[in-house]
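What follows is query.cif (mmCIF, C-alpha atoms).
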```cif
data_start
#
loop_
_atom_site.label_atom_id
_atom_site.label_comp_id
_atom_site.auth_asym_id
_atom_site.auth_seq_id
_atom_site.Cartn_x
_atom_site.Cartn_y
_atom_site.Cartn_z
CA MET A 1320 114.53 26.56 81.53
CA ASN A 1321 112.25 29.38 80.37
CA SER A 1322 113.18 32.99 80.85
CA LEU A 1323 110.92 33.67 83.85
CA GLU A 1324 112.29 30.64 85.64
CA SER A 1325 115.87 31.67 84.98
CA PHE A 1326 115.05 35.22 86.10
CA LEU A 1327 113.63 33.95 89.39
CA HIS A 1328 116.58 31.58 89.75
CA MET A 1329 119.02 34.57 89.72
CA GLY A 1330 121.94 32.41 88.64
CA GLY A 1331 121.73 30.42 91.86
CA TYR A 1332 121.58 33.50 94.09
CA ALA A 1333 117.79 33.62 94.39
CA GLY A 1334 118.00 32.91 98.13
CA PHE A 1335 119.99 36.11 98.64
CA VAL A 1336 118.79 38.53 95.98
CA TRP A 1337 115.04 38.12 96.53
CA PRO A 1338 115.08 38.35 100.33
CA ALA A 1339 117.07 41.60 99.99
CA TYR A 1340 114.42 43.09 97.68
CA VAL A 1341 111.45 41.72 99.62
CA LEU A 1342 112.83 43.02 102.91
CA THR A 1343 113.56 46.48 101.47
CA PHE A 1344 110.15 47.02 99.91
CA THR A 1345 108.27 45.45 102.81
CA LEU A 1346 109.87 47.94 105.19
CA LEU A 1347 109.34 50.92 102.88
CA LEU A 1348 105.67 49.98 102.47
CA LEU A 1349 105.18 49.23 106.16
CA ASN A 1350 106.65 52.60 107.11
CA HIS A 1351 104.32 54.31 104.66
CA VAL A 1352 101.24 52.56 106.07
CA LEU A 1353 102.25 53.21 109.68
CA GLN A 1354 102.96 56.91 109.25
CA GLN A 1355 99.74 57.41 107.29
CA ARG A 1356 97.77 55.72 110.07
CA ARG A 1357 99.57 57.79 112.70
CA GLN A 1358 98.69 61.02 110.93
CA LYS A 1359 95.03 60.04 110.71
CA ARG A 1360 94.97 59.09 114.38
CA ILE A 1361 96.51 62.38 115.49
CA LEU A 1362 94.10 64.43 113.38
CA ARG A 1363 91.13 62.43 114.71
CA GLN A 1364 92.22 62.96 118.31
CA LEU A 1365 92.75 66.67 117.72
CA GLY A 1366 89.33 66.95 116.12
CA ARG A 1367 87.66 65.18 119.02
CA ARG A 1368 89.45 67.44 121.46
CA ALA A 1369 88.28 70.55 119.63
CA THR A 1370 84.62 69.46 119.52
CA GLY A 1371 84.84 68.32 123.15
CA GLU A 1372 86.08 71.74 124.19
CA ARG A 1373 83.30 73.49 122.33
CA ALA A 1374 80.63 71.22 123.81
CA GLY A 1375 82.05 71.65 127.31
CA PRO A 1376 80.75 74.11 129.94
CA MET B 714 115.44 90.37 103.74
CA ARG B 715 112.72 89.92 101.13
CA MET B 716 114.80 87.18 99.57
CA LEU B 717 114.66 85.20 102.80
CA GLU B 718 110.92 85.52 103.13
CA PRO B 719 110.04 82.10 101.68
CA PHE B 720 112.38 80.51 104.23
CA TYR B 721 110.75 82.31 107.13
CA LYS B 722 107.38 81.29 105.82
CA PHE B 723 108.42 77.68 105.40
CA SER B 724 109.85 77.64 108.88
CA SER B 725 106.55 78.57 110.49
CA PRO B 726 104.62 75.42 111.49
CA GLN B 727 101.37 76.31 109.76
CA HIS B 728 103.01 77.14 106.45
CA PHE B 729 105.14 74.04 106.65
CA TYR B 730 102.01 72.03 107.36
CA ARG B 731 100.13 73.43 104.39
CA LEU B 732 103.04 73.15 101.96
CA SER B 733 103.94 69.61 103.04
CA THR B 734 100.34 68.49 102.56
CA VAL B 735 100.63 69.53 98.92
CA LEU B 736 104.21 68.32 98.36
CA ALA B 737 104.29 64.93 100.10
CA PRO B 738 101.90 63.04 97.77
CA TRP B 739 103.66 64.35 94.64
CA LEU B 740 107.08 63.42 95.96
CA GLY B 741 105.73 60.03 96.99
CA TRP B 742 104.41 59.27 93.51
CA LEU B 743 107.65 60.52 91.99
CA ALA B 744 109.47 58.01 94.22
CA VAL B 745 107.14 55.22 93.02
CA ALA B 746 107.89 56.11 89.38
CA LEU B 747 111.63 56.18 90.05
CA PHE B 748 111.47 52.87 91.94
CA THR B 749 109.68 51.27 88.98
CA THR B 750 112.29 52.62 86.56
CA GLY B 751 115.22 51.71 88.79
CA LEU B 752 113.93 48.18 89.42
CA THR B 753 113.39 47.59 85.70
CA GLY B 754 116.90 48.78 84.99
CA GLY B 755 118.51 46.94 87.87
CA LEU B 756 116.69 43.61 87.68
CA LEU B 757 115.97 43.28 83.95
CA LEU B 758 118.27 45.48 81.88
CA ALA B 759 121.58 45.59 83.77
CA PRO B 760 123.95 42.71 83.09
CA PRO B 761 125.19 40.31 85.79
CA ASP B 762 128.65 41.03 87.19
CA TYR B 763 131.54 39.10 85.61
CA GLN B 764 132.79 38.00 89.05
CA GLN B 765 129.73 38.11 91.30
CA GLY B 766 127.13 36.93 88.78
CA GLU B 767 123.53 37.77 89.55
CA SER B 768 124.21 38.40 93.26
CA VAL B 769 125.48 41.85 92.28
CA ARG B 770 121.84 42.95 91.86
CA ILE B 771 121.66 43.42 95.62
CA ILE B 772 123.69 46.58 94.97
CA TYR B 773 120.54 48.40 93.77
CA VAL B 774 118.98 48.26 97.23
CA HIS B 775 122.10 47.99 99.38
CA VAL B 776 124.06 51.03 98.20
CA PRO B 777 121.11 53.48 98.15
CA SER B 778 120.13 52.35 101.67
CA ALA B 779 123.69 52.88 102.86
CA TRP B 780 123.91 56.32 101.24
CA MET B 781 120.59 57.30 102.80
CA SER B 782 121.71 56.10 106.22
CA LEU B 783 124.55 58.65 106.12
CA PHE B 784 122.65 61.44 104.35
CA VAL B 785 119.70 61.28 106.76
CA TYR B 786 122.02 61.34 109.75
CA VAL B 787 123.83 64.48 108.56
CA LEU B 788 120.48 66.09 107.79
CA MET B 789 119.12 65.11 111.20
CA ALA B 790 122.15 66.60 112.94
CA ALA B 791 121.99 69.78 110.84
CA ALA B 792 118.27 70.19 111.53
CA GLY B 793 118.96 69.59 115.21
CA VAL B 794 121.58 72.34 115.24
CA ALA B 795 119.23 74.71 113.41
CA GLY B 796 116.64 74.02 116.08
CA LEU B 797 119.21 74.48 118.80
CA VAL B 798 120.67 77.75 117.52
CA TRP B 799 117.70 79.51 115.92
CA ASN B 800 114.95 77.76 117.84
CA VAL B 801 113.14 76.71 114.67
CA LYS B 802 110.28 74.38 115.57
CA VAL B 803 110.06 72.94 112.07
CA ALA B 804 113.76 72.01 112.21
CA ASP B 805 113.22 70.18 115.50
CA ALA B 806 110.30 68.32 113.96
CA VAL B 807 112.36 67.35 110.90
CA ALA B 808 115.19 66.07 113.10
CA ARG B 809 112.82 64.03 115.24
CA ALA B 810 111.00 62.71 112.17
CA SER B 811 114.25 61.71 110.47
CA ALA B 812 115.49 59.35 113.17
CA PRO B 813 113.18 56.36 112.56
CA LEU B 814 113.64 56.73 108.79
CA GLY B 815 117.42 56.84 109.16
CA ALA B 816 117.31 53.82 111.45
CA MET B 817 115.27 51.97 108.81
CA PHE B 818 117.79 52.78 106.06
CA THR B 819 120.69 51.76 108.29
CA PHE B 820 119.00 48.47 109.15
CA LEU B 821 118.34 47.85 105.44
CA ALA B 822 121.97 48.61 104.56
CA LEU B 823 123.15 46.12 107.19
CA ALA B 824 120.60 43.43 106.33
CA THR B 825 120.99 43.60 102.54
CA GLY B 826 124.76 43.78 103.04
CA SER B 827 124.57 40.64 105.11
CA LEU B 828 122.55 38.92 102.37
CA TRP B 829 125.21 39.96 99.89
CA GLY B 830 128.13 39.06 102.15
CA LYS B 831 127.04 35.46 102.68
CA PRO B 832 127.42 34.31 99.05
CA MET B 833 130.40 36.59 98.28
CA TRP B 834 132.46 36.51 101.47
CA GLY B 835 131.13 33.26 102.90
CA THR B 836 129.85 34.94 106.05
CA TRP B 837 126.79 36.90 107.16
CA TRP B 838 128.81 39.18 109.39
CA VAL B 839 132.40 40.15 110.20
CA TRP B 840 133.69 42.83 112.53
CA ASP B 841 135.05 44.70 109.56
CA ALA B 842 135.53 48.45 110.01
CA ARG B 843 132.77 49.42 107.56
CA LEU B 844 130.23 47.00 109.03
CA THR B 845 131.06 47.88 112.61
CA SER B 846 130.87 51.64 112.11
CA GLU B 847 127.55 51.24 110.26
CA LEU B 848 126.25 49.21 113.21
CA VAL B 849 127.33 52.05 115.52
CA LEU B 850 125.26 54.36 113.30
CA LEU B 851 122.20 52.19 113.91
CA PHE B 852 122.80 52.45 117.66
CA LEU B 853 123.13 56.25 117.36
CA TYR B 854 119.74 56.42 115.66
CA LEU B 855 118.17 54.11 118.24
CA GLY B 856 119.77 56.09 121.07
CA TYR B 857 118.38 59.31 119.62
CA MET B 858 114.89 57.78 119.40
CA ALA B 859 115.10 56.43 122.95
CA LEU B 860 116.15 59.87 124.17
CA GLN B 861 113.18 61.50 122.42
CA ASN B 862 110.81 59.04 124.05
CA ALA B 863 112.40 59.40 127.47
CA ILE B 864 112.12 63.19 127.72
CA GLU B 865 108.56 64.42 128.06
CA ASP B 866 109.25 68.09 127.32
CA ARG B 867 109.68 68.37 123.56
CA ARG B 868 112.03 71.36 123.56
CA MET B 869 114.31 69.67 126.08
CA ALA B 870 114.17 66.45 124.08
CA ALA B 871 115.02 68.33 120.89
CA ARG B 872 117.99 70.04 122.54
CA ALA B 873 119.35 66.83 124.04
CA GLY B 874 118.80 65.04 120.74
CA ALA B 875 120.63 67.74 118.79
CA VAL B 876 123.67 67.41 121.04
CA LEU B 877 123.67 63.62 120.73
CA ALA B 878 123.27 63.82 116.95
CA LEU B 879 126.05 66.37 116.69
CA VAL B 880 128.49 64.29 118.73
CA GLY B 881 127.59 61.25 116.62
CA VAL B 882 128.50 63.08 113.39
CA VAL B 883 132.10 62.04 114.07
CA ASN B 884 131.03 58.54 113.02
CA ILE B 885 130.06 59.66 109.50
CA PRO B 886 133.59 60.25 108.12
CA ILE B 887 134.66 57.09 109.95
CA ILE B 888 132.06 55.08 108.02
CA HIS B 889 132.95 56.82 104.78
CA TYR B 890 136.71 56.37 105.01
CA SER B 891 136.66 53.02 106.84
CA VAL B 892 137.22 51.14 103.59
CA GLU B 893 140.37 53.15 102.93
CA TRP B 894 141.81 53.48 106.44
CA TRP B 895 141.34 49.83 107.34
CA SER B 896 141.14 47.84 104.15
CA THR B 897 139.68 44.66 105.50
CA LEU B 898 136.78 42.89 103.85
CA HIS B 899 134.33 45.50 102.57
CA GLN B 900 135.26 46.76 99.12
CA PRO B 901 136.03 50.45 98.56
CA ALA B 902 133.50 52.75 96.90
CA SER B 903 132.84 52.24 93.20
CA ILE B 904 131.44 55.70 92.81
CA SER B 905 133.12 58.86 94.03
CA ARG B 906 133.02 62.47 93.09
CA ILE B 907 136.66 62.39 92.08
CA GLY B 908 137.38 60.34 89.00
CA ALA B 909 135.22 58.11 86.85
CA PRO B 910 132.98 55.55 88.54
CA ALA B 911 134.39 52.02 88.60
CA ILE B 912 131.18 50.45 87.35
CA HIS B 913 129.70 50.28 83.86
CA ILE B 914 127.07 52.77 82.79
CA SER B 915 124.47 49.98 82.48
CA MET B 916 124.80 49.39 86.23
CA LEU B 917 125.47 53.00 87.19
CA VAL B 918 122.24 54.40 85.73
CA PRO B 919 119.82 52.06 87.60
CA LEU B 920 121.88 52.56 90.76
CA LEU B 921 121.56 56.34 90.55
CA VAL B 922 117.85 56.09 89.69
CA MET B 923 117.32 53.90 92.77
CA ALA B 924 119.30 56.39 94.88
CA LEU B 925 117.00 59.17 93.64
CA ALA B 926 113.95 57.03 94.39
CA PHE B 927 115.17 56.46 97.95
CA THR B 928 115.82 60.20 98.33
CA PHE B 929 112.34 61.20 97.18
CA TYR B 930 110.83 58.47 99.35
CA TYR B 931 112.68 59.92 102.34
CA VAL B 932 111.67 63.51 101.63
CA ALA B 933 108.00 62.52 101.24
CA ALA B 934 108.12 60.40 104.38
CA VAL B 935 109.90 63.00 106.48
CA LEU B 936 107.31 65.61 105.49
CA VAL B 937 104.49 63.37 106.71
CA ARG B 938 106.32 62.46 109.90
CA ALA B 939 107.37 66.04 110.65
CA ARG B 940 103.75 67.06 110.16
CA CYS B 941 102.72 64.52 112.82
CA GLU B 942 105.41 65.85 115.16
CA LEU B 943 104.23 69.43 114.69
CA LEU B 944 100.58 68.51 115.23
CA GLU B 945 101.51 66.77 118.48
CA ALA B 946 103.80 69.56 119.65
CA GLU B 947 101.31 72.29 118.80
CA ALA B 948 98.12 70.41 119.61
CA GLY B 949 96.64 73.41 121.44
CA SER B 950 97.35 75.94 118.71
CA GLN B 951 94.75 77.39 116.40
CA TRP B 952 96.32 76.15 113.19
CA ALA B 953 96.50 72.55 114.47
CA GLN B 954 92.83 72.66 115.46
CA ALA B 955 91.98 74.11 112.06
CA ALA B 956 93.98 71.36 110.33
CA ALA B 957 92.08 68.72 112.28
CA ALA B 958 88.78 70.35 111.38
CA THR B 959 89.71 70.44 107.68
CA ALA B 960 90.80 66.79 107.81
CA ALA B 961 87.52 65.81 109.49
CA GLU B 962 85.52 67.42 106.68
CA ARG B 963 87.23 65.26 104.10
CA PRO B 964 85.63 61.81 103.73
#
```

Mind turning this structure into structure tokens?
Amino acid sequence: MNSLESFLHMGGYAGFVWPAYVLTFTLLLLNHVLQQRRQKRILRQLGRRATGERAGP
Amino acid sequence: MRMLEPFYKFSSPQHFYRLSTVLAPWLGWLAVALFTTGLTGGLLLAPPDYQQGESVRIIYVHVPSAWMSLFVYVLMAAAGVAGLVWNVKVADAVARASAPLGAMFTFLALATGSLWGKPMWGTWWVWDARLTSELVLLFLYLGYMALQNAIEDRRMAARAGAVLALVGVVNIPIIHYSVEWWSTLHQPASISRIGAPAIHISMLVPLLVMALAFTFYYVAAVLVRARCELLEAEAGSQWAQAAAATAAERP
């Protein structure tokens, strides 16, 4: 068995170790993407509101 | 009074907004660097455990998540109280922004713990004192979030949330001491402030680096989320409009 294979094998615990890491970093990344998108959306809405008010009667 | 000036400044929404815009990306990249270092140490350099073999590597995501779940809760409750007592809008925003992040860390602590428990204990879940009290913590976070969504008026929501968070603080020492008061399945802490840690330095260093990475991730994330809360709460204010205008100018 080469070293990469044995690393991925995790001494037989691959089915537990890797899901733990994948789950953790998936959630951390997902949260980052979601909050970034939320911030953009809020700023866009605020900007539209401001220009709408200025263009109004 | 002059000494307190930076705090007053930081506690005003527009200054908080400006400062967090500068700080959040730096803290985020610092977290990325620490994650890379911690993962290298934990997955490649640290040795397997003499009893648990390679499964012990789950510790590098499980323990930091669990620490963060407690730390964020205490911070959320403290920010809630600051908002309640001194009527600091930024504190309310930080409390509200912390809840989903705390819930995420709590979920991760439970899920990675479950993935570690199966090979080591032979079960995904037991109603052990540590596991049960951590599950209660998840429900406290979710309850807090539900309360925030249910109350339209933000100041009312913040006040109600602060009271809920404060009452829930009683659960924190229960989680912490659960492994000593009821020694059931979950092992006691390997690292405490009193006495030497019960794990080898080659495992301790990556664990602490990962804990730092999680902390910086949280601080960066809470700044972004609190900024969103403030923009929503103060949508009509001049500074929020100006922030939106500045953001629109950027490509």

Using all atoms listed in the file, the residue out of B:Tyr730, B:Phe852, B:Phe820, B:Tyr773 with shortest distance to Tyr1340 of chain A is B:Tyr773

Counting all atoms listed in the file, which residues of chain A sit at most 6 Å from some atom of chain B, and what is each one's closest atom pair with its distance in Å to one decimal, listed by chain and rising residue number, as JSON lines?
```
{"residue": "A:Met1329", "atom": "CA", "partner": "B:Glu767", "partner_atom": "CA", "distance": 5.5}
{"residue": "A:Gly1330", "atom": "CA", "partner": "B:Glu767", "partner_atom": "CA", "distance": 5.7}
{"residue": "A:Tyr1332", "atom": "CA", "partner": "B:Ser768", "partner_atom": "CA", "distance": 5.6}
{"residue": "A:Phe1335", "atom": "CA", "partner": "B:Leu828", "partner_atom": "CA", "distance": 5.3}
{"residue": "A:Val1336", "atom": "CA", "partner": "B:Ile771", "partner_atom": "CA", "distance": 5.7}
{"residue": "A:Ala1339", "atom": "CA", "partner": "B:Thr825", "partner_atom": "CA", "distance": 5.1}
{"residue": "A:Gln1358", "atom": "CA", "partner": "B:Cys941", "partner_atom": "CA", "distance": 5.7}
{"residue": "A:Leu1362", "atom": "CA", "partner": "B:Ala957", "partner_atom": "CA", "distance": 4.9}
{"residue": "A:Leu1365", "atom": "CA", "partner": "B:Ala957", "partner_atom": "CA", "distance": 5.9}
{"residue": "A:Gly1366", "atom": "CA", "partner": "B:Ala957", "partner_atom": "CA", "distance": 5.0}
```

Residues matched by the PyMOL selection byres ((chain B and resi 789-796) around 8), written as a CSV table (one decimal) with C-alpha atoms, in the coordinates of the input:
```
chain,number,residue,atom,x,y,z
B,785,VAL,CA,119.7,61.3,106.8
B,786,TYR,CA,122.0,61.3,109.8
B,787,VAL,CA,123.8,64.5,108.6
B,788,LEU,CA,120.5,66.1,107.8
B,797,LEU,CA,119.2,74.5,118.8
B,798,VAL,CA,120.7,77.8,117.5
B,799,TRP,CA,117.7,79.5,115.9
B,800,ASN,CA,115.0,77.8,117.8
B,801,VAL,CA,113.1,76.7,114.7
B,802,LYS,CA,110.3,74.4,115.6
B,803,VAL,CA,110.1,72.9,112.1
B,804,ALA,CA,113.8,72.0,112.2
B,805,ASP,CA,113.2,70.2,115.5
B,807,VAL,CA,112.4,67.4,110.9
B,808,ALA,CA,115.2,66.1,113.1
B,809,ARG,CA,112.8,64.0,115.2
B,811,SER,CA,114.2,61.7,110.5
B,812,ALA,CA,115.5,59.4,113.2
B,871,ALA,CA,115.0,68.3,120.9
B,872,ARG,CA,118.0,70.0,122.5
B,874,GLY,CA,118.8,65.0,120.7
B,875,ALA,CA,120.6,67.7,118.8
B,876,VAL,CA,123.7,67.4,121.0
B,878,ALA,CA,123.3,63.8,117.0
B,879,LEU,CA,126.0,66.4,116.7
B,882,VAL,CA,128.5,63.1,113.4
```

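Residues lying within 8 Å of Ile888 of chain B, counting only C-alpha atoms and ignoring same-chain neighbours fewer than 4 positions away, are Ala842, Arg843, Ser846, Glu847, Asn884 and Val892 of chain B.
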
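Atom CA of Ser950 of chain B lies 19.5 Å from atom CA of Met869 of chain B.
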
Atom CA of Ser724 of chain B sits from atom CA of Pro886 of chain B at a separation of 29.4 Å

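Matched in the shown structure by the PyMOL selection byres ((chain B and resi 760) around 8): Leu758, Ala759, Pro761, Asp762, Ser915 and Met916 of chain B.
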
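Rounded to one decimal, atom CA of Leu1348 of chain A and atom CA of Ile1361 of chain A lie 20.2 Å from each other.
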